Structure formats: C-alpha cells, structure tokens
Amino acid sequence: MTDAIAAMKALIQEINQHNRNYYTLDKPTISDQEWDALYDKLVTLEKETGVTLPSSPTQRVGGDILKGFEPHRHLSRLWSLDKAQNAEDLQAWHTRVLKLIGEYNSKNPEQPLPEPSYVVELKFDGLTLNLTYEKGQLIQASTRGNGTVGEGILAQIKTIKTIPLEIPYDQGTIEVQGEGMMFLSVLEAYNQTAAEPLKNARNAAAGALRNLNPKTTAERKLNAFFYNVGFSDDVQFDNHADMIQFLRDNHFKVSDRTRFFTNMEDVSAELERIAEERHSFDFLIDGSVIKLTDIRTREVLGYTEKFPRWAVAYKFEAEEATTILQSVSWEVGRTGKITPLARVEAVDLAGVTVQNCTLNNVGDIERKNLKHALGSLVYIRRSNDVIPEILGKVTEDNDGEEILFPTHCPSCGSELEMRGAHLFCLNRLGCSPQLVGRMAHFASRDAMDIEFFSEMTASQLHQELDVRDPADLYALQFEDLVKLDRFGEKKAKNLLDALEKSKSRDLASFLYALGIPNSGKTTTKVLADHYRNLAKLMEATPEELIMLPDVGGIVADSIVTFFHDPVMVSSIQRMLEAGVNPVSEEPIVIQASSDNPFFGKTIVLTGTLSTMGRDETAKKLEALGAKITGSVSKKTDIVIAGESAGSKLTKAQDLGIRIIDDEQELLQLLGEA
C-alpha cells in the first residue's frame with residue numbers, strides 16, 4: 001500500500017504540473033493522449049487502493065448533489081472598493097491619498113512613507129472567490145457574501161482546473177482572493193449545444209458556482225484569476241509585486257494585464273488603454289482597479305467603514321442603471337417556451353435608450369425577488385450588446401404590484417406546464433407563434449438559408465395562406481403569393497427560386513433546420529458527418545447515438561423521440577417528396593501532417609472568402625489537422641480574413657495574432673495555388 005500511495009503522489013504531482021502548464025500558463029508540454037494515460041493510471045491506482053488523496057485531479061469532475069450551502073466565516077474581511085466614475089473622482093481619491101501620506105510623514109519624520117507608486121489591474125466582472133489553504137492543501141472555498149461571512153462552495157471550486165488543490169507554500173494558513181468567471185469563447189461553445197443557452201458570462205459563472213450540483217459547475221468549464229492574499233499567519237509582503245509573485249509561485253492564475261506605475265499621469269493613460277481594449281478580452285471586465293503598491297502604506301492609510309483608503313475602482317461608462325418596472329408580457333417561442341419580457345421606464349444605458357428587458361423565466365423572477373416589483377425601482381444591466389436584463393430590485397421590500405404568472409398560453413389559450421424554471425405551451429400544432437417560429441428557424445441562414453424569408457414573411461404566410469409547417473413552404477404556388485399584400489411578382493418569384501435552391505442544402509443544415517430539441521449546430525454536424533444519410537439517422541438507437549461526441553443521454557433520447565414522432569416523420573416525408581434532398585458531402589480527404597502550416601492550429605475564419613467560400617475552406621483546414629473556432633482569443637493561432645471582415649479581424653490585430661488576408665497566400669499554403 002505504501003508503494004501505491006507514493007506512486008499516486010508522484011502521478012498527482014506530475015498531472016497537476018501538466019494541468020498548470022495547460023490551463024494556467026497556456027503552455028502545454030504533453031499531448032492529450034499522454035495526459036489521458038497518466039490520468040487513467042491514477043484512476044486505476046485509486047480503485048485498487050480505495051484511497052483518493054485530497055489533491056487528486058479526479059476530484060475535479062463534480063460529485064453528488066449537495067443539500068445546501070454552509071456559511072463560512074472569512075479569516076479576514078473581504079472589502080468592497082470605493083468607486084471613481086470619472087477623472088475628477090479619480091483625482092479626488094488621489095488627492096486624499098497624498099494628504100493622508102503627508103499628514104503621517106509630518107508626524108513620523110523618522111520613518112516616513114515612501115513616495116506613492118501604483119498598480120493597475122483589471123476589474124473582473126464575475127464572482128468573488130475566497131480560498132483557504134492550510135499547510136498547502138485547499139480546505140475551503142467560499143463566496144464573498146457580506147464580506148465577513150460567505151457561502152462554502154468547495155465542491156464547486158474543485159471543478160475549476162486553474163485553481164490548485166495543493167500549493168507549494170505549506171507553512172501555515174492563508175486566504176487568497178480572486179474572481180471566478182466563464183470565458184466568452186467557452187460561453188459561445190457551450191451555447192452551441194446547450195438545451196438552455198446561457199444569457200451572459202457573469203450570470204453563467206455565478207449560477208454555476210452557486211449550483212448545488214457540482215457536475216453542473218464542471219460542465220461550464222469556469223476559470224479564475226487571483227490578485228490578493230487576504231490573510232496569512234506567516235508570510236508577509238513588502239509590496240504588491242511581491243504578493244503577485246507569491247501567487248504565481250504557488251500556481252495561481254494571475255492576469256498578465258497587471259501594470260505598475262510611479263505617477264498618476266501614466267495610470268490615467270493605462271485606464272484609457274484598458275477602456276479601448278476591454279472588448280478584446282475573452283472575459284468580462286467592468287473597469288479597472290488602482291491600488292497603492294507599498295504594503296506598509298496600505299496599513300497606515302487603513303480603511304473607512306466600507307472601503308480601503310489605498311484602493312479605488314475606476315468604472316467604465318455605466319452599463320447598469322435603475323429604472324421603474326412598468327409591466328411584464330409573456331412571449332411564446334418556437335419550442336413552446338413562455339418567456340417573460342419586461343417593459344421599463346425609458347432610461348439611457350451606455351448610449352442606448354432602453355425600454356425592454358429580459359427576465360429569462362419564472363424561476364429568474366422569483367430568484368431575483370421580483371415577484372412583487374411592478375411599479376418598483378429595479379437595477380438593469382446591458383452586457384455584450386444583448387438585450388438588457390433586470391438584475392433585481394433596488395430595495396428588498398415587497399412594495400410593488402405582483403407579477404402574475406400565466407396559467408394558459410397567451411396566444412392559443414392552452415393550459416401551460418411548468419418544466420424546471422420554465423413554463424411551456426404544449427399545443428405545438430395549433431399555437432401560431434410556435435408554428436411561425438419553427439418556419440423562421442427552418443429558413444434561417446445557418447439552417448436552410450432561404451433568401452427573402454423572414455419571421456414577418458412566415459407570419460404572413462401563416463395568417464393568409466394557413467402555412468403551418470416547413471413542408472408547406474414547398475407547396476407554395478406563384479398564384480397564391482402574388483395575391484398577398486406587399487407581394488409583387490418579383491418578390492413571389494424570388495421566394496420560390498430561393499425555396500427551390502434550398503432543396504439541395506447539406507444534411508447538417510437540414511438537421512439543424514428541423515429544430516431537433518437539445519441539438520445545436522455542433523451536434524447536427526456530428527450526426528451528419530457520422531451517418532451521412534438521413535434514413536440511417538432516423539433509424540438510430542439511443543445506444544448508437546450516445547457513442548458519438550457531444551451526444552449525451554438526454555440528447556440521444558431527444559433525437560430518437562423526434563424521429564419517431566408521426567408529425568415530424570410526415571413533415572420530413574412531404575419535404576422529400578417535394579424534392580428536398582439533404583445531401584451529405586463527401587469529406588475532403590487530405591493527409592494531415594505535422595509538416596503543414598495548419599496542423600494543430602486554432603483558426604478563425606471571418607469575412608467573405610470569394611475563391612472557395614468559408615465552409616469549404618474550413619473543411620480543408622480541418623482535414624489538415626486544424627481546429628476551427630468561431631471567436632478570437634489569446635489561444636487563436638491564425639485568423640483568415642476575407643472581404644468585409646469586422647470585429648474579429650480588429651480583435652486579432654489588437655492581440656497580435658497572425659492574419660492571412662490574401663486568398664492567394666492561403667491557396668499557396670493549402671497547396672492549391
């Protein structure tokens with residue numbers, strides 16, 4: 001047993017080092033296959049011995065559902081930061097700092113404080129984390145709570161691979177603070193296959209960390225940056241740079257956007273740079289944090305009742321505001337989901353006049369204490385250029401009118417059913433918004449890509465020609481269309497030509513267009529690439545499907561149920577009889593070799609590629625061993641930019657990523673010039 005334990009410790013140390021290289025330093029040193037072999041060996045030893053050591057990476061997958069959160073009292077208070085909304089506020093803070101230092105030095109000329117120097121850090125927009133290590137072992141993790149007592153979330157934190165379960169410093173007890181978050185590229189990838197897409201990265205992280213099922217936390221692949229040692233019974237620091245180095249030496253992920261300055265002019269210039277670059281980061285920030293670097297100066301300046309005097313948060317232009325919640329309406333989506341839409345008193349938010357806000361679902365309303373909020377003052381937030389959302393009430397009082405949840409569909413009157421936090425209308429064949437929504441999705445760009453077709457067109461066809469199903473679109477006649485309001489001969493002909501053109505879309509697009517529950521673009525492409533034949537897929541069993549990547553038990557059951565639904569089978573058959581032929585293109589076979597310039601590279605395509613088109617280019621690059629992703633981040637190796645490339649090209653330029661913007665050069669690299 002002793003030898004086995006020693007072998008396990010050695011394996012854990014080796015795996016954790018590789019994890020740090022990959023997740024924290026972004027410098028992997030072994031292949032995925034080699035890592036898997038080490039991990040499998042550790043799992044085998046744990047099964048044979050019946051022993052799992054606390055720092056084992058097998059602890060990161062998420063365990064059983066917890067009964068509730070236990071309160072955790074922090075060893076040292078977690079302070080909020082005073083805010084500077086503009087340059088004047090920042091100067092006022094700096095003036096106070098200089099005054100306090102001057103007053104202290106005049107009273108203590110024998111031990112004066114040094115001239116102030118500053119550190120500027122990103123103000124991450126996630127969830128504050130407080131981790132406790134005892135003799136090098138992670139023993140507790142918690143949320144900020146009220147600054148004194150938070151909620152214990154150790155099981156959830158263990159799923160974050162950038163957080164060390166064991167650190168080299170083993171001489172006492174320390175608490176370190178950081179920010180948990182979901183990177184934007186991870187959110188985008190998650191939403192491509194999620195049954196319930198997440199609205200924004202901040203809520204995704206907060207919801208994962210405050211979820212009683214750690215496996216849900218693990219699925220969201222969270223990340224974390226660390227920036228402070230809040231308590232230590234042994235180690236001390238002279239300045240902030242020493243503290244940051246201590247965090248790095250102990251394998252914590254520290255932002256590389258930490259900058260040190262000796263004067264406020266340079267600090268102000270850095271704040272302007274961060275404001276300009278904020279949307280190039282692969283995570284959300286809502287400002288910057290300015291701190292004095294000297295630890296003794298911090299101790300002398302101390303704290304007010306709420307804030308440290310030696311630090312201030314410089315906020316970006318407001319993306320949060322308060323306004324009055326006026327009303328709530330209920331919208332019916334193509335899947336039958338009933339979504340509340342809030343109407344608020346018009347307010348300017350980051351240069352945009354806002355009147356409508358999302359409320360997500362019934363559970364969201366209750367969780368945010370909005371059940372009695374009509375007519376009350378609420379916080380709203382605009383993030384990632386999406387429709388703003390309501391964060392909660394300004395006060396905790398039930399001082400507003402009650403938001404009444406519907407019991408029947410606001411469109412067709414059918415009785416609603418509660419599934420989880422959502423209300424659903426089950427009348428999918430007789431509820432107009434569902435029928436219109438399904439047709440609009442079917443015709444969308446990523447689906448059948450039917451030009452001259454919009455949700456307004458779908459609604460008109462439904463109302464005036466009783467078009468109820470995508471299959472009905474292929475039965476439309478010129479004589480029917482030209483009689484419609486706003487339909488002339490040209491528009492009617494264009495739509496019929498577009499429908500005819502759509503009949504030869506590839507199988508992956510057709511499957512996505514069908515709207516199979518719990519299946520996004522990634523899943524439907526996996527299905528198309530594997531089966532390459534619609535009939536074979538329709539006969540697939542759950543046992544077959546679950547063997548495919550990105551297909552779990554729920555998704556497999558959804559696919560099988562969908563293709564055994566008589567209504568769906570009839571619709572598909574009618575489309576096939578009308579000439580729809582969802583072909584599966586033969587894969588482009590190119591020998592992937594490490595010698596080619598694209599092998600193992602992460603590549604983003606943007607803009608219009610006139611020679612081959614983006615789809616064909618992507619297929620050839622994948623055949624050469626490249627990984628194609630949809631968003632630009634620090635992990636992107638190459639951006640291929642065609643005509644009219646937009647924000648992705650700009651972000652690549654800001655990050656210094658290699659850009660190929662000449663199609664002739666691309667063809668030469670592909671060996672096709």
# chains A, B, ... in the order shown; residues from 1 in each chain; ligands from 1
>>> residues_around(residues="region 470-482 of chain A", least_positions_apart="4", cutoff="10 Å", atoms="only C-alpha atoms", output="PyMOL selection string")
chain A and resi 435-436+438-443+458+461-462+464-466+486-493+495-496+499-500+502-503+513-514+570-580
>>> write_last_selection(atoms="C-alpha atoms", output="short mmCIF file (atom, residue, chain, number, x, y, z; two decimals), in the first residue's frame")
data_model
loop_
_atom_site.label_atom_id
_atom_site.label_comp_id
_atom_site.auth_asym_id
_atom_site.auth_seq_id
_atom_site.Cartn_x
_atom_site.Cartn_y
_atom_site.Cartn_z
CA LEU A 435 -45.57 27.45 -35.93
CA VAL A 436 -44.22 30.78 -37.18
CA ARG A 438 -40.31 26.98 -36.41
CA MET A 439 -40.67 28.15 -40.02
CA ALA A 440 -38.46 31.19 -39.40
CA HIS A 441 -35.81 28.97 -37.81
CA PHE A 442 -36.08 26.47 -40.69
CA ALA A 443 -35.36 29.24 -43.21
CA ALA A 458 -43.57 33.38 -42.04
CA LEU A 461 -47.93 33.10 -44.90
CA HIS A 462 -49.37 31.51 -41.78
CA GLU A 464 -53.16 34.44 -45.00
CA LEU A 465 -52.34 31.05 -46.56
CA ASP A 466 -52.52 28.81 -43.46
CA ARG A 486 -46.70 43.52 -50.19
CA PHE A 487 -46.05 40.59 -52.54
CA GLY A 488 -45.46 41.56 -56.14
CA GLU A 489 -44.44 39.29 -58.99
CA LYS A 490 -40.74 39.86 -58.34
CA LYS A 491 -40.90 39.04 -54.63
CA ALA A 492 -43.04 35.97 -55.30
CA LYS A 493 -40.59 34.69 -57.91
CA LEU A 495 -39.05 33.46 -52.81
CA LEU A 496 -39.96 30.47 -54.99
CA LEU A 499 -37.08 27.68 -51.91
CA GLU A 500 -36.01 25.68 -54.95
CA SER A 502 -32.71 25.34 -50.63
CA LYS A 503 -33.72 21.83 -51.68
CA ALA A 513 -33.29 23.44 -39.62
CA LEU A 514 -35.60 20.74 -38.26
CA SER A 570 -44.84 13.12 -42.03
CA SER A 571 -43.32 16.59 -42.41
CA ILE A 572 -39.94 15.17 -43.42
CA GLN A 573 -41.56 12.77 -45.89
CA ARG A 574 -43.53 15.60 -47.51
CA MET A 575 -40.33 17.62 -47.92
CA LEU A 576 -38.50 14.70 -49.51
CA GLU A 577 -41.42 14.14 -51.89
CA ALA A 578 -41.28 17.83 -52.81
CA GLY A 579 -37.67 17.40 -53.92
CA VAL A 580 -35.73 18.34 -50.80
#
>>> residues_around(residues="Asn356 (chain A)", least_positions_apart="4", cutoff="7 Å", atoms="only C-alpha atoms", output="PyMOL selection string")
chain A and resi 341-344
>>> select_by_dssp(residues="region 308-403 of chain A", states="strand (DSSP E or B)", output="PyMOL selection string")
chain A and resi 308+311-315+320-332+337-349+352-358+374+377-381+389-393+401
>>> select_by_dssp(residues="region 251-484 of chain A", states="helix (DSSP H, G or I)", output="MDAnalysis selection string")
chainID A and resid 264:280 295:301 362:367 432:443 455:465 470:473 478:481
>>> closest_atom_pairs(of="region 242-292 of chain A", to="region 176-199 of chain A", cutoff="12 Å", atoms="only C-alpha atoms", output="JSON lines")
{"residue": "A:Met243", "atom": "CA", "partner": "A:Val176", "partner_atom": "CA", "distance": 10.4}
{"residue": "A:Ile244", "atom": "CA", "partner": "A:Val176", "partner_atom": "CA", "distance": 10.9}
{"residue": "A:Phe246", "atom": "CA", "partner": "A:Val176", "partner_atom": "CA", "distance": 10.8}
{"residue": "A:Leu247", "atom": "CA", "partner": "A:Val176", "partner_atom": "CA", "distance": 8.5}
{"residue": "A:Arg248", "atom": "CA", "partner": "A:Val176", "partner_atom": "CA", "distance": 12.0}
{"residue": "A:Asn250", "atom": "CA", "partner": "A:Val176", "partner_atom": "CA", "distance": 10.9}
{"residue": "A:Phe252", "atom": "CA", "partner": "A:Val176", "partner_atom": "CA", "distance": 9.4}
{"residue": "A:Lys253", "atom": "CA", "partner": "A:Gly178", "partner_atom": "CA", "distance": 9.2}
{"residue": "A:Val254", "atom": "CA", "partner": "A:Gly178", "partner_atom": "CA", "distance": 9.0}
{"residue": "A:Ser255", "atom": "CA", "partner": "A:Gly178", "partner_atom": "CA", "distance": 10.4}
{"residue": "A:His279", "atom": "CA", "partner": "A:Leu184", "partner_atom": "CA", "distance": 10.4}
{"residue": "A:Ser280", "atom": "CA", "partner": "A:Leu184", "partner_atom": "CA", "distance": 10.5}
{"residue": "A:Phe281", "atom": "CA", "partner": "A:Leu184", "partner_atom": "CA", "distance": 8.5}
{"residue": "A:Asp282", "atom": "CA", "partner": "A:Leu184", "partner_atom": "CA", "distance": 5.2}
{"residue": "A:Phe283", "atom": "CA", "partner": "A:Phe183", "partner_atom": "CA", "distance": 4.8}
{"residue": "A:Leu284", "atom": "CA", "partner": "A:Leu184", "partner_atom": "CA", "distance": 7.6}
{"residue": "A:Ile285", "atom": "CA", "partner": "A:Met181", "partner_atom": "CA", "distance": 10.2}
>>> write_last_selection(atoms="C-alpha atoms", output="mmCIF file, in the first residue's frame")
data_model
loop_
_atom_site.group_PDB
_atom_site.id
_atom_site.type_symbol
_atom_site.label_atom_id
_atom_site.label_comp_id
_atom_site.auth_asym_id
_atom_site.auth_seq_id
_atom_site.Cartn_x
_atom_site.Cartn_y
_atom_site.Cartn_z
ATOM 1 C CA MET A 243 2.343 39.383 -3.408
ATOM 2 C CA ILE A 244 1.638 38.797 -7.103
ATOM 3 C CA PHE A 246 3.898 34.721 -4.441
ATOM 4 C CA LEU A 247 0.585 33.888 -6.133
ATOM 5 C CA ARG A 248 2.368 32.931 -9.349
ATOM 6 C CA ASN A 250 2.071 28.966 -5.821
ATOM 7 C CA PHE A 252 -2.433 30.597 -9.071
ATOM 8 C CA LYS A 253 -3.525 32.118 -12.355
ATOM 9 C CA VAL A 254 -2.661 35.822 -12.351
ATOM 10 C CA SER A 255 -3.705 38.242 -15.076
ATOM 11 C CA HIS A 279 -13.940 44.178 -25.732
ATOM 12 C CA SER A 280 -10.840 42.360 -26.993
ATOM 13 C CA PHE A 281 -10.571 40.315 -23.795
ATOM 14 C CA ASP A 282 -12.013 36.803 -23.688
ATOM 15 C CA PHE A 283 -13.779 37.642 -20.422
ATOM 16 C CA LEU A 284 -15.924 40.410 -18.990
ATOM 17 C CA ILE A 285 -14.479 43.383 -17.134
#
>>> residues_around(residues="Tyr314 (chain A)", least_positions_apart="4", cutoff="8 Å", atoms="only C-alpha atoms", output="number ranges by chain")
A: 83-86, 90, 287-290
>>> write_last_selection(atoms="C-alpha atoms", output="PDB file, in the first residue's frame")
ATOM      1  CA  LYS A  83     -15.724  53.865  -6.988  1.00  0.00           C
ATOM      2  CA  ALA A  84     -14.444  56.598  -9.274  1.00  0.00           C
ATOM      3  CA  GLN A  85     -16.852  57.260 -12.117  1.00  0.00           C
ATOM      4  CA  ASN A  86     -14.664  59.772 -13.966  1.00  0.00           C
ATOM      5  CA  LEU A  90     -10.044  59.606  -9.512  1.00  0.00           C
ATOM      6  CA  GLY A 287     -13.477  48.707 -15.070  1.00  0.00           C
ATOM      7  CA  SER A 288     -10.009  48.870 -13.556  1.00  0.00           C
ATOM      8  CA  VAL A 289      -8.658  48.792 -10.006  1.00  0.00           C
ATOM      9  CA  ILE A 290      -5.942  51.207  -8.845  1.00  0.00           C
TER      10      ILE A 290
END
>>> residues_around(residues="Asp233 (chain A)", least_positions_apart="6", cutoff="9 Å", atoms="only C-alpha atoms", output="JSON, numbers by chain")
{"A": [171, 172, 173, 174]}
>>> residues_around(residues="Lys337 (chain A)", least_positions_apart="5", cutoff="8 Å", atoms="only C-alpha atoms", output="tab-separated table (two decimals) with N, CA and C atoms, in the first residue's frame")
chain	number	residue	atom	x	y	z
A	332	VAL	N	-44.24	33.70	-26.59
A	332	VAL	CA	-44.21	32.27	-26.89
A	332	VAL	C	-43.15	32.02	-27.96
A	422	HIS	N	-39.17	26.90	-16.26
A	422	HIS	CA	-39.84	27.46	-17.43
A	422	HIS	C	-41.29	26.98	-17.55
A	423	LEU	N	-42.13	27.84	-18.10
A	423	LEU	CA	-43.49	27.47	-18.49
A	423	LEU	C	-43.49	27.10	-19.96
A	424	PHE	N	-44.27	26.08	-20.32
A	424	PHE	CA	-44.34	25.64	-21.72
A	424	PHE	C	-45.79	25.51	-22.17
A	425	CYS	N	-46.04	25.90	-23.44
A	425	CYS	CA	-47.30	25.60	-24.11
A	425	CYS	C	-47.07	24.33	-24.92
>>> atom_distance(atom1="CA of Ala626 (chain A)", atom2="CA of Phe599 (chain A)")
5.2 Å
>>> residues_around(residues="Thr606 (chain A)", least_positions_apart="5", cutoff="10 Å", atoms="only C-alpha atoms", output="number ranges by chain")
A: 614, 630-632, 639-649, 661
>>> write_last_selection(atoms="N, CA and C atoms", output="compact mmCIF listing (two decimals), in the first residue's frame")
# COMPACT_ATOMS: atom_id res chain seq x y z
N ARG A 614 -16.18 30.06 -47.10
CA ARG A 614 -15.73 29.73 -45.75
C ARG A 614 -15.96 28.27 -45.39
N GLY A 630 -15.13 29.78 -33.56
CA GLY A 630 -15.91 30.92 -34.01
C GLY A 630 -15.51 32.25 -33.41
N SER A 631 -14.66 32.25 -32.40
CA SER A 631 -14.33 33.51 -31.74
C SER A 631 -12.82 33.63 -31.57
N VAL A 632 -12.35 34.86 -31.58
CA VAL A 632 -10.92 35.15 -31.45
C VAL A 632 -10.56 35.32 -29.98
N VAL A 639 -5.94 33.96 -37.88
CA VAL A 639 -7.23 34.46 -38.36
C VAL A 639 -7.14 34.61 -39.87
N ILE A 640 -8.04 33.95 -40.59
CA ILE A 640 -8.11 34.07 -42.04
C ILE A 640 -9.22 35.06 -42.35
N ALA A 641 -8.87 36.20 -42.91
CA ALA A 641 -9.80 37.31 -43.09
C ALA A 641 -10.08 37.55 -44.57
N GLY A 642 -11.35 37.45 -44.93
CA GLY A 642 -11.76 37.78 -46.29
C GLY A 642 -12.26 39.20 -46.36
N GLU A 643 -13.01 39.50 -47.40
CA GLU A 643 -13.56 40.84 -47.58
C GLU A 643 -14.59 41.14 -46.49
N SER A 644 -14.67 42.41 -46.13
CA SER A 644 -15.65 42.90 -45.14
C SER A 644 -15.49 42.22 -43.78
N ALA A 645 -14.27 41.81 -43.44
CA ALA A 645 -14.03 41.26 -42.10
C ALA A 645 -14.23 42.37 -41.07
N GLY A 646 -14.84 42.03 -39.94
CA GLY A 646 -15.20 43.05 -38.97
C GLY A 646 -14.44 42.97 -37.66
N SER A 647 -15.20 42.81 -36.58
CA SER A 647 -14.63 42.91 -35.23
C SER A 647 -13.62 41.80 -34.93
N LYS A 648 -13.80 40.62 -35.53
CA LYS A 648 -12.85 39.53 -35.27
C LYS A 648 -11.46 39.88 -35.80
N LEU A 649 -11.43 40.54 -36.96
CA LEU A 649 -10.14 40.97 -37.52
C LEU A 649 -9.51 42.03 -36.62
N ASP A 661 -4.80 37.56 -44.90
CA ASP A 661 -5.87 38.31 -45.55
C ASP A 661 -5.71 38.35 -47.06
>>> atom_distance(atom1="CA of Leu222 (chain A)", atom2="CA of Thr159 (chain A)")
8.0 Å
>>> atom_distance(atom1="CA of Tyr133 (chain A)", atom2="CA of Ala313 (chain A)")
27.5 Å
>>> closest_residue(among="A:Ile659, A:Leu131, A:Val362, A:Ala346", to="Trp330 (chain A)", atoms="only C-alpha atoms")
A:Val362
